[in-house]
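Asks: Dropping a structure here in structure tokens format, bear with me for questions.
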Amino acid sequence: MELGRVSTAMVTPFSTTGDIDYERTANLIEHLIANGTDSIVVCGTTGESPTLSVQEKEALFKFSVETVNKRIPVIAGTGTFSTTETVKLTRIAEKAGADGIMLVAPYYNKPDQKGMYAHFKHVAGETTLPIMLYNIPGRSAVNMSPETLIALSKIKNIRAVKEASGSLEQAADIISGTDDGFSVYSGDDSLALPTLAVGGKGIVSVASHIAGKEMQQMIGAFIEGRTEQAATMHRALLPLFRAVFYAPNPVLVKYALEKIGVETGGVRLPLTGVEGNDDAFDQVWEQYRKNLHIFN
């Protein structure tokens, strides 16, 4: 499951009427490919997946695969809190031509470690696609332990994890306990560089919508041994990493995309607009733009 170093958890562009806007989606995909994205995740939580119907997800999977046309991998977010529904969505993604799937930890029903292992093992047995697991206790209310993730990594088609627990200690434990063919990606932009430092593969990013090239340069500097330069780049990007979450995701990353001329529309309820957060974000944005001289 080769996702590269920077994978973007893609927003879902909407029209003024709140429908998926496929022209804007095509433009967004082209922008991401041109600006440092090695792969995309479609219909993840940044794509407002809880508000998308099964029919909308199926159409977006197909459209994204066709638009990308094998230039980069397309990963379909098919995880839900229902094992049966997750299998159904996974089969839809497989039929649409997705290169892999991402499975979030079942949310709301709060399974224990035994339940999570059984859930992911069952889904893995129902598909031939490579799987990235997604550990995000802040949204799912459950944390997959390193022991559970290490056990799941022994299943042939479970090949990566988007680790968003916020714990570098947990990331390091997973890396230590899994084989070289299993990849750990940071799910937090602010931990991209620290995760690389403990042996991680890369980042599944939100900020790469607007700073993909700069993130690639930061990662490249680290891999090439220019660690001080990478650290300087990380510190320059850190305020932006924080700022895109001043409001619930993806409100502010869509606002930022508009600033650079990439129209993705608004968000669906229960999320609302940028009002009340735009001034604070604008201040960070201006500083980020001033710091671009740091990057090659």
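Letters A, B, ... mark the chains of the structure tokens in the order given; residue numbers begin at 1 per chain; ligand numbers begin at 1, in order shown.
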Show which residues sit within 9 Å of Thr127 in chain A, as a PyMOL selection string. Count only C-alpha atoms, and ignore same-chain residues fewer than 6 positions away.
Replies: chain A and resi 87+90-91+94+157
Asks: Can you list, as JSON, numbers by chain, every residue of range 37-196 of chain A that DSSP puts in strand (DSSP E or B)?
Replies: {"A": [39, 40, 41, 42, 74, 75, 76, 77, 100, 101, 102, 103, 104, 131, 132, 133, 134, 135, 158, 159, 160, 161, 162, 163, 183, 184, 185, 186]}
Asks: Next, the residues of the selection above should be written as a PDB file, in the first residue's frame with C-alpha atoms.
Replies:
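The resulting selection-v9.pdb:
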```pdb
ATOM      1  CA  SER A  39      -2.431  10.088  -2.702  1.00  0.00           C
ATOM      2  CA  ILE A  40      -5.942  11.136  -1.692  1.00  0.00           C
ATOM      3  CA  VAL A  41      -8.444   9.820   0.812  1.00  0.00           C
ATOM      4  CA  VAL A  42     -12.008  10.295  -0.447  1.00  0.00           C
ATOM      5  CA  VAL A  74      -7.230   6.813  -4.405  1.00  0.00           C
ATOM      6  CA  ILE A  75      -8.152   5.550  -0.948  1.00  0.00           C
ATOM      7  CA  ALA A  76     -11.850   5.258  -0.131  1.00  0.00           C
ATOM      8  CA  GLY A  77     -13.094   5.966   3.361  1.00  0.00           C
ATOM      9  CA  GLY A 100      -7.350   0.864  -1.076  1.00  0.00           C
ATOM     10  CA  ILE A 101      -9.706   1.640   1.784  1.00  0.00           C
ATOM     11  CA  MET A 102      -9.435   3.470   5.075  1.00  0.00           C
ATOM     12  CA  LEU A 103     -11.343   2.079   8.047  1.00  0.00           C
ATOM     13  CA  VAL A 104     -11.965   4.319  11.046  1.00  0.00           C
ATOM     14  CA  ILE A 131      -6.414  -1.440   4.193  1.00  0.00           C
ATOM     15  CA  MET A 132      -5.325   1.561   6.209  1.00  0.00           C
ATOM     16  CA  LEU A 133      -6.780   1.613   9.707  1.00  0.00           C
ATOM     17  CA  TYR A 134      -7.668   4.963  11.280  1.00  0.00           C
ATOM     18  CA  ASN A 135      -7.219   5.456  15.000  1.00  0.00           C
ATOM     19  CA  ILE A 158      -4.022  -4.564   6.661  1.00  0.00           C
ATOM     20  CA  ARG A 159      -0.953  -2.572   5.653  1.00  0.00           C
ATOM     21  CA  ALA A 160      -1.029   0.822   7.371  1.00  0.00           C
ATOM     22  CA  VAL A 161      -2.532   2.955  10.104  1.00  0.00           C
ATOM     23  CA  LYS A 162      -3.420   6.618  10.264  1.00  0.00           C
ATOM     24  CA  GLU A 163      -2.475   7.190  13.884  1.00  0.00           C
ATOM     25  CA  SER A 183       3.367   1.802   7.579  1.00  0.00           C
ATOM     26  CA  VAL A 184       2.461   4.256  10.329  1.00  0.00           C
ATOM     27  CA  TYR A 185       1.183   7.631   9.156  1.00  0.00           C
ATOM     28  CA  SER A 186       0.551  10.569  11.428  1.00  0.00           C
TER      29      SER A 186
END
```
Asks: Mind checking which residues fall within 12 Å of range 222-231 of chain A, counting only C-alpha atoms, ignoring those fewer than 5 positions away in the same chain, and posting them as a PyMOL selection string?
Replies: chain A and resi 5+190-202+214-217+236-238+294-296
Asks: Which is closest to Ile72 in chain A among A:Thr45, A:Asn27, A:Thr16, A:Ser7, if we use only C-alpha atoms?
Replies: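 With only C-alpha atoms as the atom set, the closest residue is A:Ser7.
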Asks: Using DSSP on the backbone coordinates, identify the residues of range 13-171 of chain A assigned to alpha helix (DSSP H); present them as a ChimeraX atom specification.
Replies: /A:22-34,54-68,83-96,113-124,137-140,146-152,168-171
Asks: So which one's closest to Leu52 in chain A, A:Ser64, A:Ser145, A:Thr78, A:Asn69? Using only C-alpha atoms, please.
Replies: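 Among the listed residues, A:Thr78 lies closest to Leu52 in chain A.
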Asks: Could you tell me which of A:Phe241, A:Tyr117, A:Phe81, A:Phe182 comes closest to Ala141 in chain A if we count only C-alpha atoms?
Replies: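 Nearest to Ala141 in chain A: A:Phe81.
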Asks: Can you list, as a short mmCIF file (atom, residue, chain, number, x, y, z; two decimals) with N, CA and C atoms, in the first residue's frame, every protein, DNA or RNA residue that comes within 12 Å of Thr83 in chain A when you count only C-alpha atoms, leaving out same-chain residues fewer than 2 positions away?
Replies:
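Output contents, as saved in part_4.cif:
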```cif
data_model
loop_
_atom_site.label_atom_id
_atom_site.label_comp_id
_atom_site.auth_asym_id
_atom_site.auth_seq_id
_atom_site.Cartn_x
_atom_site.Cartn_y
_atom_site.Cartn_z
N THR A 78 -14.32 3.97 3.95
CA THR A 78 -15.51 3.11 4.00
C THR A 78 -15.87 2.67 5.41
N GLY A 79 -15.15 3.16 6.40
CA GLY A 79 -15.40 2.73 7.77
C GLY A 79 -16.64 3.39 8.37
N THR A 80 -17.42 2.60 9.10
CA THR A 80 -18.58 3.11 9.83
C THR A 80 -18.63 2.41 11.19
N PHE A 81 -19.68 2.71 11.96
CA PHE A 81 -19.83 2.02 13.25
C PHE A 81 -20.54 0.68 13.11
N GLU A 85 -22.42 -2.57 7.36
CA GLU A 85 -22.42 -1.43 6.44
C GLU A 85 -21.02 -1.13 5.92
N THR A 86 -20.01 -1.35 6.76
CA THR A 86 -18.63 -1.14 6.33
C THR A 86 -18.27 -2.09 5.20
N VAL A 87 -18.69 -3.34 5.32
CA VAL A 87 -18.43 -4.32 4.26
C VAL A 87 -19.14 -3.90 2.97
N LYS A 88 -20.39 -3.43 3.08
CA LYS A 88 -21.13 -3.01 1.89
C LYS A 88 -20.42 -1.85 1.19
N LEU A 89 -19.99 -0.84 1.97
CA LEU A 89 -19.30 0.31 1.39
C LEU A 89 -17.96 -0.11 0.78
N THR A 90 -17.30 -1.04 1.44
CA THR A 90 -16.00 -1.52 0.95
C THR A 90 -16.17 -2.20 -0.40
N LEU A 103 -10.31 2.50 7.11
CA LEU A 103 -11.34 2.08 8.05
C LEU A 103 -11.13 2.75 9.40
N VAL A 104 -12.04 3.65 9.75
CA VAL A 104 -11.96 4.32 11.05
C VAL A 104 -12.44 3.36 12.13
N ALA A 105 -11.93 3.54 13.34
CA ALA A 105 -12.41 2.75 14.47
C ALA A 105 -13.91 2.99 14.64
N PRO A 106 -14.69 1.94 14.88
CA PRO A 106 -16.13 2.12 15.04
C PRO A 106 -16.45 3.15 16.12
N TYR A 107 -17.23 4.15 15.75
CA TYR A 107 -17.52 5.27 16.63
C TYR A 107 -18.88 5.11 17.28
N ASN A 109 -20.56 3.45 19.33
CA ASN A 109 -20.90 2.26 20.10
C ASN A 109 -19.76 1.76 20.99
N PRO A 111 -16.72 -0.07 21.02
CA PRO A 111 -16.31 -1.46 21.24
C PRO A 111 -15.02 -1.53 22.05
N GLY A 115 -13.56 -6.34 20.41
CA GLY A 115 -14.56 -6.02 19.40
C GLY A 115 -13.95 -5.33 18.19
N MET A 116 -13.01 -4.42 18.45
CA MET A 116 -12.36 -3.73 17.33
C MET A 116 -11.56 -4.72 16.48
N TYR A 117 -10.84 -5.61 17.15
CA TYR A 117 -10.06 -6.60 16.39
C TYR A 117 -10.99 -7.44 15.52
N ALA A 118 -12.10 -7.90 16.09
CA ALA A 118 -13.03 -8.75 15.34
C ALA A 118 -13.64 -7.99 14.17
N HIS A 119 -13.97 -6.73 14.39
CA HIS A 119 -14.55 -5.88 13.34
C HIS A 119 -13.61 -5.75 12.15
N PHE A 120 -12.37 -5.35 12.41
CA PHE A 120 -11.42 -5.13 11.31
C PHE A 120 -11.02 -6.44 10.65
N LYS A 121 -10.89 -7.50 11.42
CA LYS A 121 -10.55 -8.80 10.84
C LYS A 121 -11.65 -9.26 9.89
N HIS A 122 -12.90 -9.05 10.29
CA HIS A 122 -14.01 -9.47 9.44
C HIS A 122 -14.03 -8.68 8.13
N VAL A 123 -13.88 -7.35 8.21
CA VAL A 123 -13.89 -6.54 7.00
C VAL A 123 -12.73 -6.91 6.09
N ALA A 124 -11.56 -7.13 6.67
CA ALA A 124 -10.38 -7.51 5.88
C ALA A 124 -10.61 -8.80 5.12
N GLY A 125 -11.36 -9.71 5.72
CA GLY A 125 -11.65 -10.97 5.08
C GLY A 125 -12.65 -10.89 3.95
N GLU A 126 -13.31 -9.73 3.82
CA GLU A 126 -14.33 -9.54 2.79
C GLU A 126 -13.85 -8.72 1.60
#
```
Asks: Take CA of Ala164 in chain A and CA of Ser49 in chain A and report the distance between them in Å, one decimal.
Replies: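 Taking CA of Ala164 in chain A as the start and CA of Ser49 in chain A as the end point, the length is 17.5 Å.
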Asks: Identify, on the basis of only C-alpha atoms, every residue whose closest approach to Val267 in chain A does not exceed 7 Å; exclude the query and any residue fewer than 3 positions from it along the same chain; express the result as a list in words.
Replies: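 Residues near the query, excluding close chain neighbours: Val251, Leu271 and Thr272 of chain A.
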